[in-house]
Structure formats: C-alpha cells, structure tokens
file upload_9.txt (compact mmCIF, C-alpha atoms and all ligand atoms)
# COMPACT_ATOMS: atom_id res chain seq x y z
CA MET A 1 0.00 0.00 0.00
CA ILE A 2 1.27 3.45 -0.84
CA LEU A 3 0.01 6.98 -0.15
CA ILE A 4 1.72 10.13 -1.44
CA VAL A 5 0.38 13.62 -0.73
CA HIS A 6 1.43 17.10 -1.81
CA GLY A 7 0.70 20.55 -0.52
CA GLY A 8 2.05 22.29 -3.58
CA ALA A 9 5.59 22.64 -4.80
CA GLY A 10 6.55 26.25 -4.12
CA GLN A 11 10.07 27.64 -3.77
CA LYS A 12 9.85 28.70 -0.16
CA LYS A 13 10.50 26.44 2.81
CA PRO A 14 7.12 25.19 4.04
CA SER A 15 5.88 26.39 7.44
CA ARG A 16 5.78 24.06 10.44
CA ALA A 17 1.98 24.25 10.38
CA SER A 18 1.70 23.22 6.74
CA LEU A 19 4.16 20.33 7.27
CA LYS A 20 2.07 19.19 10.23
CA SER A 21 -1.06 19.24 8.04
CA ILE A 22 0.72 17.17 5.41
CA GLU A 23 1.76 14.69 8.09
CA ASP A 24 -1.81 14.56 9.44
CA ALA A 25 -3.14 13.96 5.93
CA LEU A 26 -0.64 11.15 5.33
CA MET A 27 -1.32 9.44 8.66
CA ALA A 28 -5.10 9.65 8.31
CA GLY A 29 -5.08 8.53 4.68
CA TYR A 30 -2.78 5.62 5.47
CA GLU A 31 -5.06 4.51 8.31
CA VAL A 32 -7.84 4.31 5.71
CA LEU A 33 -5.69 2.02 3.56
CA LYS A 34 -4.66 -0.09 6.54
CA ARG A 35 -8.24 -0.80 7.54
CA GLY A 36 -8.90 -2.16 4.04
CA ASP A 37 -10.74 0.76 2.44
CA THR A 38 -9.98 1.80 -1.12
CA ALA A 39 -7.27 4.00 -2.60
CA LEU A 40 -10.03 6.47 -3.49
CA ASP A 41 -11.19 6.61 0.14
CA ALA A 42 -7.61 7.32 1.26
CA VAL A 43 -7.10 10.05 -1.34
CA VAL A 44 -10.34 11.82 -0.41
CA ARG A 45 -9.54 11.59 3.32
CA ALA A 46 -6.02 12.99 2.88
CA VAL A 47 -7.09 15.84 0.58
CA ARG A 48 -9.99 16.75 2.87
CA ILE A 49 -7.63 17.19 5.82
CA MET A 50 -5.49 19.58 3.79
CA GLU A 51 -8.60 21.47 2.59
CA ASP A 52 -9.76 21.81 6.20
CA SER A 53 -6.37 22.98 7.50
CA GLY A 54 -6.48 26.45 5.93
CA HIS A 55 -2.71 26.19 5.26
CA PHE A 56 -2.95 25.54 1.53
CA ASN A 57 -4.59 27.08 -1.47
CA ALA A 58 -7.51 24.69 -1.29
CA GLY A 59 -10.72 24.49 0.75
CA ALA A 60 -10.60 26.82 3.77
CA GLY A 61 -7.28 28.42 2.74
CA SER A 62 -8.24 29.18 -0.86
CA VAL A 63 -7.35 32.42 -2.57
CA LEU A 64 -9.90 34.84 -4.02
CA GLN A 65 -10.60 35.54 -7.66
CA LEU A 66 -10.30 39.18 -8.71
CA ASP A 67 -13.94 39.89 -7.88
CA GLY A 68 -13.36 38.74 -4.29
CA VAL A 69 -15.13 35.38 -4.69
CA ARG A 70 -13.54 31.97 -4.07
CA ARG A 71 -14.39 29.47 -6.79
CA LEU A 72 -12.87 26.11 -6.04
CA ASP A 73 -11.92 23.23 -8.32
CA ALA A 74 -11.33 19.58 -7.47
CA SER A 75 -11.21 16.18 -9.11
CA VAL A 76 -10.81 12.49 -8.31
CA MET A 77 -10.13 9.45 -10.44
CA GLU A 78 -9.77 5.74 -9.74
CA GLY A 79 -7.61 3.51 -11.86
CA ALA A 80 -9.57 0.24 -12.06
CA ALA A 81 -12.67 1.27 -14.04
CA LEU A 82 -11.41 4.80 -14.92
CA GLN A 83 -14.26 6.41 -13.01
CA ALA A 84 -13.69 10.14 -12.50
CA GLY A 85 -15.46 13.18 -11.07
CA ALA A 86 -14.75 16.90 -10.93
CA VAL A 87 -16.31 20.15 -9.78
CA ILE A 88 -15.42 23.50 -11.30
CA GLY A 89 -15.84 26.93 -9.71
CA LEU A 90 -17.62 25.62 -6.62
CA GLU A 91 -18.61 28.46 -4.27
CA GLY A 92 -19.17 28.36 -0.53
CA ILE A 93 -18.12 24.72 0.07
CA ARG A 94 -15.18 23.78 2.26
CA ASN A 95 -14.48 20.33 0.79
CA PRO A 96 -14.71 20.34 -3.01
CA ILE A 97 -12.94 16.94 -3.06
CA GLU A 98 -16.06 15.40 -1.51
CA ALA A 99 -18.22 17.08 -4.14
CA ALA A 100 -15.93 15.73 -6.88
CA ARG A 101 -16.39 12.24 -5.47
CA ARG A 102 -20.15 12.72 -5.55
CA VAL A 103 -19.91 13.66 -9.23
CA MET A 104 -17.94 10.46 -9.85
CA GLU A 105 -20.85 8.51 -8.47
CA THR A 106 -23.17 9.93 -11.17
CA GLN A 107 -23.01 9.17 -14.90
CA HIS A 108 -21.10 12.45 -15.46
CA VAL A 109 -17.46 13.43 -15.05
CA MET A 110 -17.59 17.22 -14.54
CA LEU A 111 -20.11 19.60 -13.05
CA THR A 112 -19.96 23.37 -12.87
CA ASN A 113 -22.19 26.25 -11.75
CA LEU A 114 -25.62 25.20 -10.52
CA GLY A 115 -24.93 21.48 -10.97
CA ALA A 116 -21.80 21.63 -8.83
CA GLN A 117 -23.64 23.62 -6.13
CA ARG A 118 -26.49 21.13 -6.09
CA ILE A 119 -24.31 18.07 -5.79
CA ALA A 120 -22.35 19.70 -2.94
CA LYS A 121 -25.52 20.43 -0.94
CA GLY A 122 -25.11 19.49 2.73
CA LEU A 123 -21.30 19.59 2.72
CA PRO A 124 -19.70 21.96 5.29
CA PRO A 125 -19.78 25.65 4.30
CA LEU A 126 -16.63 27.58 3.43
CA PRO A 127 -15.76 30.00 6.25
CA ARG A 128 -15.64 33.73 5.42
CA PRO A 129 -12.21 34.78 4.13
CA GLU A 130 -10.04 36.35 6.83
CA GLU A 131 -9.67 40.15 6.75
CA LYS A 132 -5.97 39.71 5.93
CA THR A 133 -6.93 37.58 2.87
CA LEU A 134 -9.24 40.34 1.62
CA ALA A 135 -6.60 42.99 2.27
CA ARG A 136 -4.00 40.91 0.42
CA LEU A 137 -6.26 40.73 -2.63
CA GLU A 138 -6.48 44.51 -2.70
CA ARG A 139 -2.69 44.76 -2.49
CA LEU A 140 -2.16 42.08 -5.11
CA LYS A 141 -4.44 43.70 -7.65
CA LYS A 142 -1.86 46.48 -7.83
CA LYS A 143 1.20 44.23 -8.15
CA GLU A 144 0.74 41.54 -10.75
CA ASN A 145 4.36 40.39 -11.20
CA GLU A 146 5.07 40.21 -7.52
CA THR A 147 1.90 38.19 -7.20
CA VAL A 148 3.05 35.53 -9.59
CA GLN A 149 6.20 35.21 -7.49
CA LEU A 150 4.13 35.07 -4.33
CA TYR A 151 2.08 32.22 -5.77
CA LYS A 152 5.20 30.26 -6.57
CA GLU A 153 6.54 30.75 -3.07
CA HIS A 154 3.59 30.36 -0.80
CA PHE A 155 0.38 29.06 -2.19
CA SER A 156 -0.30 25.51 -2.96
CA THR A 157 -2.78 23.24 -4.54
CA VAL A 158 -3.18 19.97 -2.62
CA GLY A 159 -3.38 16.42 -3.88
CA ALA A 160 -2.83 12.75 -3.18
CA VAL A 161 -2.25 9.46 -4.97
CA ALA A 162 -2.72 6.03 -3.42
CA LEU A 163 -2.32 2.33 -4.10
CA ASP A 164 -4.54 0.06 -2.02
CA ARG A 165 -4.16 -3.58 -0.98
CA TYR A 166 -6.34 -4.64 -3.91
CA GLY A 167 -3.83 -3.24 -6.40
CA ASN A 168 -6.02 -0.28 -7.36
CA LEU A 169 -4.74 3.26 -7.83
CA ALA A 170 -6.52 6.57 -7.25
CA ALA A 171 -5.66 10.27 -7.46
CA GLY A 172 -7.29 13.50 -6.30
CA THR A 173 -6.52 17.22 -6.48
CA SER A 174 -8.11 20.33 -4.93
CA THR A 175 -7.33 24.01 -5.44
CA GLY A 176 -8.44 27.59 -5.09
CA GLY A 177 -6.65 28.44 -8.37
CA THR A 178 -3.88 31.01 -8.78
CA GLN A 179 -3.38 34.34 -7.04
CA ILE A 180 -4.33 36.73 -9.80
CA MET A 181 -7.13 35.28 -11.86
CA LEU A 182 -10.08 36.56 -13.76
CA PRO A 183 -13.44 35.49 -12.35
CA GLY A 184 -14.32 32.14 -13.92
CA ARG A 185 -10.73 31.12 -14.64
CA VAL A 186 -10.20 27.33 -14.48
CA GLY A 187 -6.78 25.65 -14.19
CA ASP A 188 -5.63 22.06 -14.55
CA SER A 189 -6.88 20.68 -11.24
CA PRO A 190 -10.41 19.68 -12.26
CA VAL A 191 -9.32 18.51 -15.71
CA ILE A 192 -9.06 14.73 -15.85
CA GLY A 193 -5.89 13.94 -17.79
CA ALA A 194 -4.23 17.25 -16.84
CA GLY A 195 -4.45 17.88 -13.05
CA THR A 196 -5.49 14.36 -12.09
CA TYR A 197 -5.22 10.96 -13.67
CA ALA A 198 -5.22 7.33 -12.51
CA GLU A 199 -5.05 4.10 -14.45
CA ASN A 200 -3.98 0.85 -12.81
CA ALA A 201 -1.82 -0.25 -15.73
CA THR A 202 0.03 3.08 -15.99
CA GLY A 203 0.10 5.06 -12.75
CA ALA A 204 -1.60 7.87 -10.84
CA VAL A 205 -0.83 11.59 -10.92
CA SER A 206 -1.93 14.72 -9.06
CA CYS A 207 -0.37 17.93 -10.39
CA THR A 208 0.55 21.22 -8.74
CA GLY A 209 1.78 24.42 -10.34
CA THR A 210 0.32 27.00 -12.68
CA GLY A 211 -2.59 25.32 -14.45
CA GLU A 212 -2.12 27.18 -17.72
CA HIS A 213 1.38 25.66 -18.05
CA ILE A 214 0.32 22.19 -16.99
CA ILE A 215 -2.54 22.03 -19.50
CA ARG A 216 -0.23 23.12 -22.32
CA LEU A 217 2.49 20.64 -21.28
CA VAL A 218 0.05 17.75 -21.19
CA LEU A 219 -1.24 18.63 -24.66
CA ASP A 220 2.34 18.85 -25.87
CA SER A 221 3.18 15.40 -24.53
CA VAL A 222 0.01 13.95 -26.12
CA LYS A 223 1.17 15.47 -29.41
CA SER A 224 4.67 13.94 -29.04
CA SER A 225 3.29 10.52 -28.24
CA MET A 226 0.93 10.68 -31.26
CA LYS A 227 3.86 11.65 -33.45
CA GLN A 228 5.98 8.78 -32.09
CA ARG A 229 3.20 6.32 -32.91
CA MET A 230 2.85 7.72 -36.43
CA ASP A 231 6.64 7.37 -36.92
CA LEU A 232 6.59 3.69 -35.95
N1 LIG B 301 -2.75 24.07 -10.36
C1 LIG B 301 -3.84 24.83 -9.89
C2 LIG B 301 -4.33 25.83 -10.81
O1 LIG B 301 -3.59 26.31 -11.66
O2 LIG B 301 -5.48 26.21 -10.71

call {"tool": "encode", "arguments": {"input": "upload_9.txt", "output": "structure tokens"}}
result
Amino acid sequence: MILIVHGGAGQKKPSRASLKSIEDALMAGYEVLKRGDTALDAVVRAVRIMEDSGHFNAGAGSVLQLDGVRRLDASVMEGAALQAGAVIGLEGIRNPIEAARRVMETQHVMLTNLGAQRIAKGLPPLPRPEEKTLARLERLKKKENETVQLYKEHFSTVGAVALDRYGNLAAGTSTGGTQIMLPGRVGDSPVIGAGTYAENATGAVSCTGTGEHIIRLVLDSVKSSMKQRMDL
C-alpha cells in the first residue's frame, strides 16, 4: 500500500503548520488504507484534511478571484474502471474533493455552476475569508508580477495518490486556483488527464503548479506521443 500527498511545490520552505497538516493527511489517509478501504477513500480523506487545515490554497485556505469570490476546483479518479469526477468553480463549500467524489458517483465526469452547487448540498460551508486575505487581494491587484512570485513561493494546490491492498490506484486534487485570476478562470486541477489521472496499468498523478502551463504541457506530450506512434 502506498500513499503520497502534496501541498504544492513552491520555492519557499514550508511552514511548520503546513508540514504538520501534510503529516496529518498522510497518517489519516494511510489509516484508511490499513483498515482495508480503497485508494479512493484514502485520497479523499487525505485531501480533505489539507482542505480543512487552511494552510494551503484549497478548501478553507483558498485564494480569491479578482472579484473577491472563491471558486474552487477539485477532481478524483480511480484507476480500475477509470471512473472520475470533478467540480469547477464551486462556491461556498469547504471540501470540493467530496463534491468531486459525488460527481464520480453519477453518470457524469464534470459539473460546474448550478450542478456543482447542487451536488455539494449538505457539505460543510466555506468560512468567510479572513480580513488579511481580503486585504491581500487589494494589495495584489496592484502588483501583478510580484503576485506571480508570491504564488510560486507560498500558495499551494493539494493532492494525493494512493495504491490500495487490492492493487487499485486513485488520485485526487483540490485548489483555489492562482493568485491573480479573472473570475471564472479554471486551471488544470479539475481537468481529468491534466491535473489528475489514474489508471492501474500506468500510474496515478496529481499535479501542482500553474494550471495554464500544466494544461499546455500535457497537450504537448500527447502530441509527441501521437507523433511517435505515427513514426513507428
Ligand atoms: N494548479 C492549480 C491551478 O492552476 O489552478
């Protein structure tokens, strides 16, 4: 059994509090695997703990879009039957990873707007952003380049991948997006095949970084692999 989690991959040394949250997520997720539950259960448990912590750019710690609203993205995928679920731009919900799992249990893969809100009904509400978060947004609006740097250093998407005792893989990712973003912007995290992917025969991946780059890189690698096949 294996569980790997990430709380982003910034340049700055992580704080004690964020390392503790990562440790908590790992321990709790691994307990799930040990008691015989699935890789997907472990991934959701681990990501939820990081969403709840407020130390990452996901769930309670998410950044604001330029209009002051938090619109959260998350996805999950399991590698046995390639079932996947994602929510895009979810407002007011603390644990988008749970909503993504609910989507996976329907016949759909992605829900946005009203559909995402409906499926998340009953999940814990997102707390109000702290005053310092609102003040930071005002400062950041004036300093775009510094903001990009700030994102690289401090703010982190969260994710997990797991292998359970049955040989099945799963992956999950949750994010508040990037620091400076137009309202409605969507990155890689809810995109199955970009931010999250799991297939038992190949592996499981949860990405972190600037979504615009990740989406382009994935498309580029698809193009290279198509070209290789055509050259064979
Ligand atoms: N990787 C998270 C995002 O770009 O939204």

call {"tool": "residues_near_ligand", "arguments": {"input": "upload_9.txt", "ligand": "ligand LIG 301 (chain B)", "cutoff": "10 Å", "atoms": "all atoms listed in the file", "output": "VMD selection string"}}
result
chain A and resid 8 57 to 58 72 to 74 155 to 158 173 to 179 181 185 to 191 194 to 195 206 to 215

call {"tool": "atom_distance", "arguments": {"input": "upload_9.txt", "atom1": "CA of Ile192 in chain A", "atom2": "CA of Asp37 in chain A"}}
result
23.1 Å

call {"tool": "closest_residue", "arguments": {"input": "upload_9.txt", "among": "A:Ala60, A:Leu114, A:Leu33, A:Leu19", "to": "Arg48 in chain A", "atoms": "all atoms listed in the file"}}
result
A:Ala60

call {"tool": "closest_residue", "arguments": {"input": "upload_9.txt", "among": "A:Pro125, A:Gly193, A:Gly159, A:Gly115", "to": "Val44 in chain A", "atoms": "all atoms listed in the file"}}
result
A:Gly159

call {"tool": "closest_residue", "arguments": {"input": "upload_9.txt", "among": "A:His108, A:Arg16, A:Arg102, A:Arg70", "to": "Pro129 in chain A", "atoms": "only C-alpha atoms"}}
result
A:Arg70

call {"tool": "closest_residue", "arguments": {"input": "upload_9.txt", "among": "A:Leu217, A:Ala201, A:Ala84, A:Leu90", "to": "Leu40 in chain A", "atoms": "all atoms listed in the file"}}
result
A:Ala84

call {"tool": "atom_distance", "arguments": {"input": "upload_9.txt", "atom1": "CA of Met104 in chain A", "atom2": "CA of Gln83 in chain A"}}
result
6.3 Å

call {"tool": "atom_distance", "arguments": {"input": "upload_9.txt", "atom1": "CA of Ala80 in chain A", "atom2": "CA of Tyr166 in chain A"}}
result
10.0 Å

call {"tool": "residues_around", "arguments": {"input": "upload_9.txt", "residues": "Asp24 in chain A", "least_positions_apart": "5", "cutoff": "12 Å", "atoms": "only C-alpha atoms", "output": "ChimeraX atom specification"}}
result
/A:5-7,17-19,29-31,45-53

call {"tool": "closest_residue", "arguments": {"input": "upload_9.txt", "among": "A:Pro124, A:Met77, A:Lys34, A:Val43", "to": "Gly59 in chain A", "atoms": "all atoms listed in the file"}}
result
A:Pro124

call {"tool": "residues_around", "arguments": {"input": "upload_9.txt", "residues": "Ala81 in chain A", "least_positions_apart": "4", "cutoff": "10 Å", "atoms": "all atoms listed in the file", "output": "PyMOL selection string"}}
result
chain A and resi 77+168+198-200

call {"tool": "write_last_selection", "arguments": {"input": "upload_9.txt", "atoms": "C-alpha atoms", "output": "PDB file, in the coordinates of the input"}}
result
ATOM      1  CA  MET A  77     -10.130   9.450 -10.440  1.00  0.00           C
ATOM      2  CA  ASN A 168      -6.020  -0.280  -7.360  1.00  0.00           C
ATOM      3  CA  ALA A 198      -5.220   7.330 -12.510  1.00  0.00           C
ATOM      4  CA  GLU A 199      -5.050   4.100 -14.450  1.00  0.00           C
ATOM      5  CA  ASN A 200      -3.980   0.850 -12.810  1.00  0.00           C
TER       6      ASN A 200
END

call {"tool": "residues_around", "arguments": {"input": "upload_9.txt", "residues": "Leu137 in chain A", "least_positions_apart": "3", "cutoff": "9 Å", "atoms": "only C-alpha atoms", "output": "list of chain:residue names"}}
result
A:Val63, A:Leu64, A:Gln65, A:Leu66, A:Gly68, A:Lys132, A:Thr133, A:Leu134, A:Leu140, A:Lys141, A:Lys142, A:Gln179, A:Ile180

call {"tool": "closest_residue", "arguments": {"input": "upload_9.txt", "among": "A:Gln228, A:Leu3, A:Gly184, A:Ala160", "to": "Val32 in chain A", "atoms": "only C-alpha atoms"}}
result
A:Leu3
